[in-house]
$ cat protein_9.txt   # compact mmCIF, C-alpha atoms
# COMPACT_ATOMS: atom_id res chain seq x y z
CA MET A 128 -16.05 -6.70 14.91
CA LYS A 129 -13.40 -6.21 12.24
CA PRO A 130 -9.88 -4.94 12.89
CA PHE A 131 -9.11 -1.28 12.38
CA PHE A 132 -7.04 -1.91 9.25
CA SER A 133 -8.15 -3.74 6.13
CA ILE A 134 -8.43 -7.51 6.32
CA LEU A 135 -6.59 -9.61 3.73
CA PRO A 136 -7.96 -13.10 3.10
CA LEU A 137 -6.03 -15.73 4.98
CA PHE A 138 -5.36 -17.63 1.80
CA LEU A 139 -3.94 -14.59 0.03
CA LEU A 140 -0.30 -15.46 -0.49
CA ALA A 141 0.81 -13.08 -3.21
CA ALA A 142 2.29 -9.69 -2.40
CA VAL A 143 -0.38 -6.99 -2.57
CA PRO A 144 0.36 -4.36 -5.25
CA ILE A 145 0.69 -0.85 -3.86
CA MET A 146 -1.17 1.41 -6.22
CA ALA A 147 -0.73 4.61 -4.24
CA GLN A 148 2.28 6.87 -4.58
CA GLN A 149 5.37 5.33 -3.00
CA GLU A 150 6.94 7.24 -0.13
CA ASP A 151 10.47 6.84 -1.51
CA ASP A 152 9.61 8.45 -4.85
CA ASP A 153 11.13 11.86 -5.51
CA VAL A 154 8.07 14.08 -5.79
CA LYS A 155 8.44 17.71 -6.84
CA ILE A 156 5.57 20.13 -7.37
CA ILE A 157 6.06 23.23 -9.48
CA THR A 158 3.47 25.99 -9.73
CA ASP A 159 2.88 27.03 -13.33
CA GLU A 160 1.92 30.69 -13.24
CA LYS A 161 0.55 30.54 -16.80
CA CYS A 162 -2.18 28.05 -15.99
CA GLY A 163 -2.36 28.68 -12.25
CA CYS A 164 -1.91 24.96 -11.72
CA ASP A 165 0.48 22.50 -10.11
CA LEU A 166 2.86 20.40 -12.18
CA VAL A 167 3.74 17.19 -10.36
CA PHE A 168 7.07 15.59 -11.29
CA ILE A 169 7.69 12.09 -9.95
CA ASN A 170 11.34 11.09 -10.20
CA GLY A 171 11.81 14.07 -12.53
CA ILE A 172 9.08 13.06 -14.99
CA GLU A 173 5.61 14.54 -15.44
CA THR A 174 2.62 12.92 -17.16
CA THR A 175 1.11 15.12 -19.88
CA LYS A 176 -2.24 14.87 -21.66
CA SER A 177 -3.93 16.25 -24.76
CA ASP A 178 -6.86 15.04 -26.85
CA GLY A 179 -7.37 12.12 -24.49
CA ARG A 180 -3.83 10.78 -24.94
CA TYR A 181 -0.91 10.70 -22.52
CA GLY A 182 2.82 11.32 -22.69
CA PHE A 183 5.71 12.45 -20.49
CA ARG A 184 8.03 15.42 -20.13
CA LEU A 185 10.95 16.50 -17.96
CA GLU A 186 11.11 19.45 -15.58
CA ASP A 187 12.86 21.61 -18.19
CA GLY A 188 9.89 21.11 -20.53
CA THR A 189 11.51 18.52 -22.78
CA GLN A 190 8.81 16.19 -24.12
CA ILE A 191 10.37 12.73 -23.89
CA VAL A 192 7.18 10.94 -24.97
CA PRO A 193 4.51 12.59 -27.14
CA ASN A 194 0.88 12.37 -26.07
CA LYS A 195 0.11 9.14 -27.92
CA TYR A 196 -0.89 6.56 -25.30
CA MET A 197 -4.44 5.71 -24.24
CA HIS A 198 -3.27 4.98 -20.70
CA VAL A 199 -0.02 5.16 -18.74
CA ASP A 200 1.08 4.01 -15.29
CA ARG A 201 3.65 5.86 -13.23
CA PHE A 202 7.35 5.09 -13.57
CA LYS A 203 8.72 2.46 -11.23
CA GLY A 204 12.34 1.44 -11.21
CA GLY A 205 12.92 3.49 -14.36
CA TYR A 206 10.16 1.77 -16.37
CA CYS A 207 6.51 2.48 -17.07
CA ARG A 208 3.68 0.38 -18.51
CA VAL A 209 1.86 2.10 -21.38
CA LEU A 210 -1.25 1.25 -23.43
CA MET A 211 -1.23 2.36 -27.05
CA ASP A 212 -4.71 1.10 -27.90
CA LEU A 213 -7.00 -1.65 -26.67
CA ASN A 214 -4.95 -4.81 -25.91
CA GLN A 215 -1.71 -3.07 -26.95
CA TRP A 216 0.40 -2.83 -23.81
CA GLY A 217 4.11 -2.09 -23.84
CA LEU A 218 6.91 -0.86 -21.60
CA ILE A 219 8.98 2.31 -21.87
CA ASP A 220 12.11 3.42 -20.03
CA SER A 221 12.78 6.86 -18.54
CA THR A 222 14.09 8.16 -21.88
CA GLY A 223 10.78 7.31 -23.55
CA ARG A 224 12.14 4.34 -25.51
CA GLU A 225 9.76 1.41 -25.94
CA VAL A 226 11.82 -1.43 -24.52
CA VAL A 227 8.88 -3.80 -24.98
CA PRO A 228 6.67 -3.07 -28.01
CA CYS A 229 2.98 -2.28 -27.55
CA ILE A 230 1.66 -5.60 -28.85
CA TYR A 231 0.59 -7.44 -25.69
CA HIS A 232 -2.80 -7.82 -24.05
CA SER A 233 -1.15 -7.21 -20.70
CA LEU A 234 2.29 -7.15 -19.09
CA GLU A 235 3.91 -6.66 -15.71
CA GLN A 236 6.74 -4.47 -14.45
CA PRO A 237 10.23 -5.96 -15.05
CA SER A 238 11.54 -8.39 -12.49
CA GLU A 239 15.09 -9.79 -12.54
CA GLY A 240 15.61 -8.80 -16.17
CA ARG A 241 12.40 -10.41 -17.41
CA VAL A 242 9.00 -8.94 -18.32
CA LEU A 243 5.93 -11.15 -17.93
CA VAL A 244 3.72 -10.66 -21.01
CA TYR A 245 0.35 -12.05 -22.10
CA LYS A 246 -1.21 -12.41 -25.55
CA ASP A 247 -3.56 -14.82 -27.27
CA GLU A 248 -4.38 -16.53 -23.96
CA ARG A 249 -0.78 -17.46 -23.20
CA TYR A 250 1.97 -16.08 -20.96
CA GLY A 251 5.67 -15.73 -21.69
CA TYR A 252 8.62 -13.46 -20.94
CA THR A 253 10.69 -10.89 -22.78
CA ASP A 254 14.12 -9.56 -21.95
CA MET A 255 14.78 -5.84 -21.45
CA GLU A 256 15.11 -5.35 -25.20
CA GLY A 257 11.67 -6.75 -25.95
CA ASN A 258 12.89 -10.13 -27.24
CA GLU A 259 10.62 -13.05 -26.34
CA VAL A 260 13.29 -15.13 -24.64
CA ILE A 261 10.71 -17.47 -23.08
CA PRO A 262 7.89 -18.19 -25.56
CA LEU A 263 4.25 -17.46 -24.84
CA GLN A 264 3.28 -21.01 -23.91
CA TYR A 265 1.96 -20.94 -20.33
CA ILE A 266 -1.69 -20.91 -19.29
CA ALA A 267 -0.71 -18.99 -16.13
CA ALA A 268 2.49 -17.39 -14.84
CA GLY A 269 3.99 -15.06 -12.26
CA SER A 270 6.90 -12.63 -12.19
CA PHE A 271 10.43 -13.74 -11.37
CA SER A 272 11.78 -13.66 -7.84
CA GLU A 273 14.92 -15.29 -6.46
CA GLY A 274 15.81 -16.52 -9.95
CA CYS A 275 12.62 -18.38 -10.82
CA ALA A 276 8.94 -17.88 -11.63
CA PRO A 277 5.81 -20.01 -11.17
CA VAL A 278 4.13 -21.14 -14.40
CA GLY A 279 1.01 -23.13 -15.21
CA VAL A 280 1.39 -25.96 -17.72
CA ILE A 281 -1.39 -27.92 -19.43
CA VAL A 282 -1.02 -31.62 -18.64
CA ASP A 283 -2.87 -34.36 -20.57
CA SER A 284 -4.80 -31.67 -22.47
CA LEU A 285 -7.11 -31.33 -19.49
CA PHE A 286 -5.46 -30.14 -16.32
CA VAL A 287 -3.24 -27.18 -15.42
CA TYR A 288 -0.41 -27.89 -13.01
CA TYR A 289 2.31 -25.58 -11.76
CA THR A 290 6.06 -25.74 -11.69
CA TYR A 291 8.87 -23.17 -11.70
CA ILE A 292 11.23 -22.04 -14.45
CA ASP A 293 14.55 -20.23 -14.35
CA THR A 294 15.31 -17.09 -16.38
CA LEU A 295 16.25 -19.26 -19.39
CA GLY A 296 12.87 -21.01 -19.33
CA ARG A 297 14.12 -24.33 -17.96
CA GLN A 298 11.72 -26.21 -15.67
CA LEU A 299 13.13 -26.83 -12.21
CA PHE A 300 10.96 -29.95 -11.69
CA PRO A 301 7.85 -31.53 -13.26
CA PRO A 302 4.52 -29.65 -12.91
CA VAL A 303 2.74 -31.30 -9.98
CA TYR A 304 1.07 -28.49 -8.02
CA GLU A 305 -2.47 -27.12 -8.33
CA TYR A 306 -1.23 -23.62 -7.58
CA ALA A 307 2.08 -21.91 -6.84
CA GLN A 308 3.29 -18.50 -5.73
CA PRO A 309 6.64 -16.67 -6.14
CA PHE A 310 9.60 -17.41 -3.87
CA HIS A 311 10.27 -15.25 -0.85
CA ASP A 312 13.04 -15.72 1.72
CA GLY A 313 14.05 -18.95 -0.02
CA PHE A 314 10.62 -20.61 0.07
CA ALA A 315 7.48 -20.64 -2.09
CA PRO A 316 3.87 -21.51 -1.16
CA VAL A 317 2.41 -24.34 -3.24
CA GLN A 318 -0.92 -26.14 -3.25
CA ARG A 319 -1.60 -29.83 -3.79
CA TYR A 320 -4.94 -31.61 -3.23
CA GLN A 321 -6.29 -28.24 -2.06
CA ARG A 322 -3.75 -28.11 0.75
CA TRP A 323 -0.91 -25.62 1.16
CA GLY A 324 2.74 -26.12 2.00
CA LEU A 325 6.19 -24.67 1.24
CA ILE A 326 8.98 -25.80 -1.06
CA ASP A 327 12.61 -24.72 -1.34
CA HIS A 328 14.48 -24.01 -4.58
CA SER A 329 15.17 -27.68 -5.17
CA GLY A 330 11.45 -28.44 -5.10
CA ARG A 331 11.63 -30.22 -1.76
CA GLU A 332 8.58 -29.78 0.44
CA VAL A 333 10.03 -28.24 3.58
CA LEU A 334 6.51 -27.78 4.95
CA PRO A 335 4.14 -30.57 3.90
CA THR A 336 1.11 -29.64 1.79
CA VAL A 337 -1.41 -30.43 4.54
CA TYR A 338 -2.77 -27.00 5.50
CA GLU A 339 -6.11 -25.59 4.36
CA GLN A 340 -4.90 -22.01 4.52
CA MET A 341 -1.71 -20.03 4.86
CA THR A 342 -0.73 -16.38 5.06
CA SER A 343 2.09 -14.69 3.21
CA SER A 344 5.48 -14.42 4.87
CA PHE A 345 5.89 -11.71 7.52
CA ASP A 346 9.66 -11.31 7.58
CA THR A 347 10.31 -15.11 7.69
CA LEU A 348 7.19 -15.69 9.84
CA PHE A 349 3.87 -17.03 8.57
CA PHE A 350 0.64 -18.63 9.74
CA ALA A 351 -0.75 -21.97 8.56
CA GLY A 352 -3.66 -24.12 9.64
CA ASP A 353 -7.31 -24.78 8.89
CA GLN A 354 -10.66 -23.06 9.35
CA SER A 355 -10.66 -23.76 13.08
CA GLY A 356 -7.33 -22.08 13.73
CA MET A 357 -3.79 -21.38 12.57
CA ALA A 358 -0.39 -21.45 14.23
CA LEU A 359 2.57 -19.12 13.78
CA PHE A 360 5.58 -20.75 12.08
CA ASP A 361 9.15 -19.57 11.68
CA LYS A 362 11.64 -20.40 8.90
CA ARG A 363 12.54 -23.67 10.64
CA MET A 364 8.98 -24.78 9.75
CA LYS A 365 8.16 -25.35 13.40
CA PRO A 366 4.89 -24.06 14.93
CA LEU A 367 5.56 -21.45 17.59
CA THR A 368 1.98 -21.39 18.88
CA ASP A 369 -1.04 -23.62 19.16
CA PHE A 370 -3.47 -23.70 16.21
CA VAL A 371 -5.83 -21.16 17.76
CA TYR A 372 -5.47 -18.00 15.67
CA THR A 373 -7.73 -17.17 12.77
CA TRP A 374 -6.31 -13.92 11.45
CA SER A 375 -3.09 -11.92 11.20
CA GLY A 376 -2.38 -8.66 9.46
CA GLY A 377 1.39 -8.58 9.12
CA ILE A 378 4.17 -7.46 11.43
CA SER A 379 4.91 -3.98 12.76
CA GLU A 380 7.65 -3.12 15.25
CA GLY A 381 8.00 -6.76 16.25
CA ARG A 382 4.29 -7.29 16.89
CA LEU A 383 1.83 -9.42 14.93
CA PRO A 384 -1.88 -8.64 15.32
CA VAL A 385 -3.91 -11.83 15.71
CA GLN A 386 -7.50 -12.90 16.26
CA ARG A 387 -8.52 -15.57 18.75
CA ALA A 388 -12.09 -16.31 19.80
CA ASP A 389 -13.35 -13.21 17.92
CA LEU A 390 -11.03 -10.84 19.83
CA TYR A 391 -7.71 -9.30 18.85
CA GLY A 392 -4.29 -9.00 20.44
CA PHE A 393 -0.60 -9.22 19.49
CA LEU A 394 2.13 -11.85 19.37
CA ASP A 395 5.85 -11.19 19.46
CA ARG A 396 8.24 -12.87 17.02
CA SER A 397 8.63 -15.88 19.31
CA GLY A 398 4.89 -16.55 19.25
CA ARG A 399 4.27 -15.30 22.78
CA GLU A 400 0.95 -13.48 23.21
CA VAL A 401 2.47 -10.32 24.66
CA ILE A 402 -0.79 -8.37 24.38
CA PRO A 403 -3.80 -10.55 25.18
CA CYS A 404 -6.61 -11.05 22.66
CA GLU A 405 -9.20 -8.94 24.44
CA TYR A 406 -9.98 -6.12 21.96
CA ASP A 407 -12.64 -5.66 19.29
CA ARG A 408 -10.25 -3.76 17.03
CA VAL A 409 -6.53 -3.08 16.86
CA GLY A 410 -4.18 -1.08 14.63
CA TYR A 411 -0.59 -1.45 13.49
CA PHE A 412 2.23 -0.26 15.72
CA ASP A 413 4.01 2.93 14.71
CA LEU A 414 6.41 4.92 16.90
CA GLY A 415 5.79 2.26 19.54
CA ARG A 416 2.08 2.99 19.70
CA ALA A 417 -1.08 1.27 18.41
CA MET A 418 -4.81 1.90 18.57
CA VAL A 419 -7.07 -0.55 20.45
CA SER A 420 -10.82 -0.60 20.95
CA TYR A 421 -13.46 -2.44 22.93
CA ASN A 422 -17.21 -1.76 23.10
CA GLU A 423 -16.79 1.27 20.79
CA ARG A 424 -14.28 2.91 23.13
CA TYR A 425 -10.76 3.67 21.89
CA GLY A 426 -7.33 4.04 23.41
CA ILE A 427 -3.62 3.77 22.59
CA ILE A 428 -1.14 1.17 23.91
CA ASP A 429 2.62 0.71 23.72
CA THR A 430 4.39 -2.46 22.53
CA ALA A 431 4.17 -3.94 26.03
CA GLY A 432 0.41 -3.47 26.10
CA ARG A 433 0.47 -0.64 28.60
CA PHE A 434 -2.09 2.11 28.06
CA VAL A 435 -0.63 5.38 26.88
CA LEU A 436 -4.13 6.73 26.37
CA PRO A 437 -6.95 5.12 28.38
CA MET A 438 -9.65 3.31 26.42
CA GLU A 439 -12.39 5.88 26.95
CA TYR A 440 -12.42 7.79 23.67
CA GLU A 441 -14.72 7.86 20.63
CA TYR A 442 -14.37 7.36 16.90
CA SER A 443 -17.29 8.78 14.94
CA SER A 444 -15.90 9.21 11.42
CA PRO A 445 -13.87 6.76 9.31
CA LYS A 446 -12.52 9.47 6.99
CA ARG A 447 -9.52 10.25 9.18
CA ASP A 448 -6.62 8.38 10.80
CA ALA A 449 -7.68 8.76 14.42
CA TYR A 450 -5.49 7.33 17.20
CA ILE A 451 -2.60 6.95 14.73
CA TYR A 452 0.43 9.22 15.12
CA ARG A 453 1.23 11.70 12.38
CA ASP A 454 3.95 14.28 13.06
CA SER A 455 4.15 12.69 16.56
CA LEU A 456 0.57 13.72 17.36
CA ALA A 457 -2.56 11.57 17.35
CA LEU A 458 -6.08 12.79 16.66
CA VAL A 459 -8.53 11.83 19.42
CA GLU A 460 -12.24 12.39 19.99
CA ARG A 461 -14.33 12.84 23.11
CA ASN A 462 -17.94 13.98 23.42
CA GLY A 463 -18.03 14.84 19.74
CA ARG A 464 -15.03 17.20 19.96
CA PHE A 465 -11.54 16.66 18.58
CA ALA A 466 -8.08 17.18 20.04
CA TYR A 467 -4.48 15.94 19.67
CA VAL A 468 -2.25 14.05 22.11
CA ASN A 469 1.50 13.38 22.09
CA LEU A 470 3.33 10.05 22.35
CA ASP A 471 2.88 10.07 26.13
CA GLY A 472 -0.87 10.50 25.75
CA ASN A 473 -0.75 14.04 27.09
CA LEU A 474 -3.16 16.59 25.65
CA VAL A 475 -1.24 19.01 23.42
CA ILE A 476 -4.07 20.70 21.50
CA ASP A 477 -7.35 20.92 23.40
CA TYR A 478 -10.89 19.89 22.39
CA TYR A 479 -11.66 23.01 20.39
CA PHE A 480 -12.78 21.48 17.12
CA ASP A 481 -16.05 20.00 15.86
CA ASP A 482 -14.21 18.08 13.13
CA ALA A 483 -10.57 17.46 12.25
CA PHE A 484 -8.08 15.47 10.21
CA GLU A 485 -4.73 13.96 11.17
CA PHE A 486 -1.55 16.03 10.80
CA ALA A 487 0.34 15.98 7.50
CA ASP A 488 3.34 18.12 6.54
CA GLY A 489 3.13 19.69 10.00
CA LEU A 490 -0.41 21.00 9.49
CA ALA A 491 -3.89 19.69 10.26
CA ALA A 492 -7.21 20.61 8.68
CA VAL A 493 -9.72 21.39 11.45
CA ARG A 494 -13.28 22.71 11.61
CA LEU A 495 -14.55 25.25 14.09
CA ASN A 496 -18.10 26.63 14.15
CA GLY A 497 -18.82 25.06 10.78
CA ARG A 498 -15.82 26.52 8.93
CA TRP A 499 -12.49 24.88 8.07
CA GLY A 500 -8.95 26.12 8.55
CA TYR A 501 -5.46 24.81 9.36
CA ILE A 502 -3.40 24.66 12.55
CA ASP A 503 0.25 23.77 13.17
CA THR A 504 1.58 21.24 15.68
CA HIS A 505 1.57 23.91 18.43
CA GLY A 506 -2.14 24.52 17.90
CA ASP A 507 -1.56 27.93 16.36
CA ILE A 508 -3.78 28.96 13.46
CA PHE A 509 -1.96 28.64 10.15
CA LEU A 510 -4.91 29.55 7.90
CA PRO A 511 -8.14 31.08 9.27
CA PHE A 512 -11.47 29.31 9.47
CA ILE A 513 -12.91 30.59 6.20
CA PHE A 514 -13.11 27.49 4.01
CA ASP A 515 -16.14 25.41 3.07
CA LEU A 516 -14.00 22.26 3.10
CA THR A 517 -10.32 21.34 3.31
CA THR A 518 -8.14 18.27 2.81
CA PRO A 519 -4.89 17.18 4.51
CA PHE A 520 -1.64 18.37 2.94
CA LYS A 521 0.25 16.04 0.62
CA HIS A 522 3.59 16.87 -0.97
CA GLY A 523 3.22 20.46 0.24
CA ARG A 524 -0.23 21.08 -1.29
CA ALA A 525 -3.84 20.82 -0.08
CA GLU A 526 -7.18 21.32 -1.77
CA VAL A 527 -9.70 23.74 -0.27
CA ILE A 528 -13.16 24.87 -1.24
CA TYR A 529 -13.40 28.64 -0.91
CA ASN A 530 -16.50 30.56 -1.99
CA GLY A 531 -17.82 27.37 -3.57
CA GLU A 532 -14.78 26.75 -5.82
CA VAL A 533 -11.99 24.20 -5.55
CA ARG A 534 -8.61 25.83 -5.07
CA LYS A 535 -5.17 24.77 -3.83
CA VAL A 536 -2.96 26.14 -1.09
CA ASP A 537 0.76 25.52 -0.57
CA ARG A 538 2.77 24.99 2.60
CA ARG A 539 3.40 28.75 2.89
CA GLY A 540 -0.32 29.48 2.87
CA ARG A 541 -0.43 30.85 -0.68
CA CYS A 542 -3.17 30.07 -3.15
CA VAL A 543 -1.54 28.21 -6.05
CA LYS A 544 -4.51 27.05 -8.14
CA ASN A 545 -7.68 28.80 -9.33
CA CYS A 546 -6.57 31.96 -7.52
CA LYS A 547 -8.29 34.71 -9.49
CA GLY A 548 -9.26 37.56 -7.18
CA ILE A 549 -7.46 36.06 -4.15
CA VAL A 550 -4.67 38.12 -2.61
CA ALA A 551 -5.13 37.61 1.11
CA TRP A 552 -3.79 34.10 1.60
CA ARG A 553 -0.18 35.15 1.07
CA ASP A 554 -0.58 38.10 3.46
CA TRP A 555 -1.80 35.90 6.30
CA THR A 556 1.53 34.08 6.50
CA GLU A 557 3.93 36.95 5.93

$ encode --input "protein_9.txt" --output "structure tokens"
Amino acid sequence: MKPFFSILPLFLLAAVPIMAQQEDDDVKIITDEKCGCDLVFINGIETTKSDGRYGFRLEDGTQIVPNKYMHVDRFKGGYCRVLMDLNQWGLIDSTGREVVPCIYHSLEQPSEGRVLVYKDERYGYTDMEGNEVIPLQYIAAGSFSEGCAPVGVIVDSLFVYYTYIDTLGRQLFPPVYEYAQPFHDGFAPVQRYQRWGLIDHSGREVLPTVYEQMTSSFDTLFFAGDQSGMALFDKRMKPLTDFVYTWSGGISEGRLPVQRADLYGFLDRSGREVIPCEYDRVGYFDLGRAMVSYNERYGIIDTAGRFVLPMEYEYSSPKRDAYIYRDSLALVERNGRFAYVNLDGNLVIDYYFDDAFEFADGLAAVRLNGRWGYIDTHGDIFLPFIFDLTTPFKHGRAEVIYNGEVRKVDRRGRCVKNCKGIVAWRDWTE
């Protein structure tokens, strides 16, 4: 059985890019009455499109970038990657200025005043004015962190070995590693003779390169070992556990989910197995609660391993976040019916529904007698059961299918997209 959340390979050491919208972004949605559509402004900037090309404008309608790019990312940290044409990537700032010209086959977001760029099968770095301050000379490279970046150098015209450079392009030590990852918390994972270890900024191996596999750092904690088992280490490079664990999915509220002998449990930061490995599946802790499962039965525990909700519930559909708290309520299932419980595991909204989603923006999409509607956290009907299909709310909007057509509804219950002939939705909430 696999854990409830996605498994990352044990050897995956790099940070995983988050492609979804970041929670700390300033998201504003404006309804355009002319087109009957939603305009989504992220950090005050909206992506525009015409004739298959993209640009950007501000909330007041000012077009800061004409629709000239084949592809654009979203802004992050005031910068956005843009693609003019095939193999012509560049970087713009929030005013629309191309700080890095669109001449590269690929590039990364800025990091510590440097932009990793790639062209003609070589990597290098520009500054924030687009100047190539570190020439395109590396066969492989990573972004800067803690003042240095890993780079791959061809040695003896045959082999690629890794070292690190500073922001001026100076090598910190000779290239001797088969692979290297960026620094984090003062240490960097490196590989030699197909074994992993850690180095500090001086290049000293603080953890010998003797381990077959290693996880990324979980707030100064990490796992290292071989195929038969891994141990939890702290920043002193001392194992806190025996080499018996084969999986970990990160840390949440002081608990690390681990696998031992094909079952899952949790360690605390000292390496103590505070929740025994006796479950088929587990989830991350949030609000002091986590999902657990055994033999296809589900429950909820607290950080001490005590059951808040007994393990006697079902989970028939992977489309929803069941047994995970949203708006302090968790969706649960029993005998094919759906309900919601509070943080104490007490039933708050009874088993009325034949399908349901988790709460979002204080509302949940639920199905009753084959039709979808919305309820609030008290279980009161927010929108009637008249929809063919509904989705959870996000940023104050949700998509619904009504009379066979896709429409949108806002947090006040008004139709805000594709609303021709609809007048009743506003009346229901007034």

$ residues_near_point --input "protein_9.txt" --point "(-7.8, -14.4, 17.4)" --cutoff "12 Å" --atoms "all atoms listed in the file" --output "short mmCIF file (atom, residue, chain, number, x, y, z; two decimals) with C-alpha atoms, in the coordinates of the input"
data_model
loop_
_atom_site.label_atom_id
_atom_site.label_comp_id
_atom_site.auth_asym_id
_atom_site.auth_seq_id
_atom_site.Cartn_x
_atom_site.Cartn_y
_atom_site.Cartn_z
CA MET A 128 -16.05 -6.70 14.91
CA LYS A 129 -13.40 -6.21 12.24
CA PRO A 130 -9.88 -4.94 12.89
CA SER A 355 -10.66 -23.76 13.08
CA GLY A 356 -7.33 -22.08 13.73
CA MET A 357 -3.79 -21.38 12.57
CA ALA A 358 -0.39 -21.45 14.23
CA LEU A 359 2.57 -19.12 13.78
CA ASP A 369 -1.04 -23.62 19.16
CA PHE A 370 -3.47 -23.70 16.21
CA VAL A 371 -5.83 -21.16 17.76
CA TYR A 372 -5.47 -18.00 15.67
CA THR A 373 -7.73 -17.17 12.77
CA TRP A 374 -6.31 -13.92 11.45
CA SER A 375 -3.09 -11.92 11.20
CA GLY A 376 -2.38 -8.66 9.46
CA LEU A 383 1.83 -9.42 14.93
CA PRO A 384 -1.88 -8.64 15.32
CA VAL A 385 -3.91 -11.83 15.71
CA GLN A 386 -7.50 -12.90 16.26
CA ARG A 387 -8.52 -15.57 18.75
CA ALA A 388 -12.09 -16.31 19.80
CA ASP A 389 -13.35 -13.21 17.92
CA LEU A 390 -11.03 -10.84 19.83
CA TYR A 391 -7.71 -9.30 18.85
CA GLY A 392 -4.29 -9.00 20.44
CA PHE A 393 -0.60 -9.22 19.49
CA LEU A 394 2.13 -11.85 19.37
CA GLU A 400 0.95 -13.48 23.21
CA ILE A 402 -0.79 -8.37 24.38
CA PRO A 403 -3.80 -10.55 25.18
CA CYS A 404 -6.61 -11.05 22.66
CA GLU A 405 -9.20 -8.94 24.44
CA TYR A 406 -9.98 -6.12 21.96
CA ASP A 407 -12.64 -5.66 19.29
CA ARG A 408 -10.25 -3.76 17.03
CA VAL A 409 -6.53 -3.08 16.86
#

$ closest_residue --input "protein_9.txt" --among "A:Arg201, A:Arg319, A:His232, A:Arg538" --to "Ile219 of chain A" --atoms "only C-alpha atoms"
A:Arg201

$ residues_near_point --input "protein_9.txt" --point "(-5.7, -24.5, 2.8)" --cutoff "6 Å" --atoms "all atoms listed in the file" --output "number ranges by chain"
A: 322-323, 338-340

$ residues_around --input "protein_9.txt" --residues "Phe514 of chain A" --least-positions-apart "6" --cutoff "6 Å" --atoms "all atoms listed in the file" --output "PyMOL selection string"
chain A and resi 498-499+528-529

$ residues_around --input "protein_9.txt" --residues "Asp537 of chain A" --least-positions-apart "2" --cutoff "9 Å" --atoms "only C-alpha atoms" --output "compact mmCIF listing (two decimals) with C-alpha atoms, in the coordinates of the input"
# COMPACT_ATOMS: atom_id res chain seq x y z
CA PHE A 520 -1.64 18.37 2.94
CA GLY A 523 3.22 20.46 0.24
CA ARG A 524 -0.23 21.08 -1.29
CA ALA A 525 -3.84 20.82 -0.08
CA LYS A 535 -5.17 24.77 -3.83
CA ARG A 539 3.40 28.75 2.89
CA GLY A 540 -0.32 29.48 2.87
CA ARG A 541 -0.43 30.85 -0.68
CA CYS A 542 -3.17 30.07 -3.15
CA VAL A 543 -1.54 28.21 -6.05

$ residues_around --input "protein_9.txt" --residues "Leu510 of chain A" --least-positions-apart "4" --cutoff "7 Å" --atoms "only C-alpha atoms" --output "mmCIF file with C-alpha atoms, in the coordinates of the input"
data_model
loop_
_atom_site.group_PDB
_atom_site.id
_atom_site.type_symbol
_atom_site.label_atom_id
_atom_site.label_comp_id
_atom_site.auth_asym_id
_atom_site.auth_seq_id
_atom_site.Cartn_x
_atom_site.Cartn_y
_atom_site.Cartn_z
ATOM 1 C CA GLY A 500 -8.950 26.120 8.550
ATOM 2 C CA TYR A 501 -5.460 24.810 9.360
ATOM 3 C CA ILE A 502 -3.400 24.660 12.550
ATOM 4 C CA GLY A 540 -0.320 29.480 2.870
#

$ residues_around --input "protein_9.txt" --residues "Asn530 of chain A" --least-positions-apart "2" --cutoff "12 Å" --atoms "all atoms listed in the file" --output "PyMOL selection string"
chain A and resi 498+513-516+527-528+532-534+545-549

$ residues_around --input "protein_9.txt" --residues "Ala457 of chain A" --least-positions-apart "2" --cutoff "9 Å" --atoms "all atoms listed in the file" --output "list of chain:residue names"
A:Asp448, A:Ala449, A:Tyr450, A:Ile451, A:Tyr452, A:Arg453, A:Asp454, A:Ser455, A:Val459, A:Ala466, A:Tyr467, A:Val468, A:Asn469, A:Leu470, A:Gly472, A:Glu485, A:Phe486

$ atom_distance --input "protein_9.txt" --atom1 "atom CA of Val333 of chain A" --atom2 "atom CA of Val317 of chain A"
10.9 Å

$ build_atoms --input "protein_9.txt" --residues "segment 390-396 of chain A" --atoms "N, CA and C atoms" --output "compact mmCIF listing (two decimals), keeping the file's coordinate frame"
# COMPACT_ATOMS: atom_id res chain seq x y z
N LEU A 390 -11.67 -12.03 19.26
CA LEU A 390 -11.03 -10.84 19.83
C LEU A 390 -9.59 -10.77 19.33
N TYR A 391 -9.02 -9.56 19.45
CA TYR A 391 -7.71 -9.30 18.85
C TYR A 391 -6.68 -8.93 19.90
N GLY A 392 -5.44 -9.35 19.61
CA GLY A 392 -4.29 -9.00 20.44
C GLY A 392 -3.04 -9.05 19.58
N PHE A 393 -1.87 -9.23 20.22
CA PHE A 393 -0.60 -9.22 19.49
C PHE A 393 0.33 -10.33 20.00
N LEU A 394 1.04 -10.94 19.05
CA LEU A 394 2.13 -11.85 19.37
C LEU A 394 3.46 -11.16 19.14
N ASP A 395 4.51 -11.63 19.83
CA ASP A 395 5.85 -11.19 19.46
C ASP A 395 6.43 -12.21 18.47
N ARG A 396 7.66 -12.02 18.05
CA ARG A 396 8.24 -12.87 17.02
C ARG A 396 8.46 -14.30 17.49
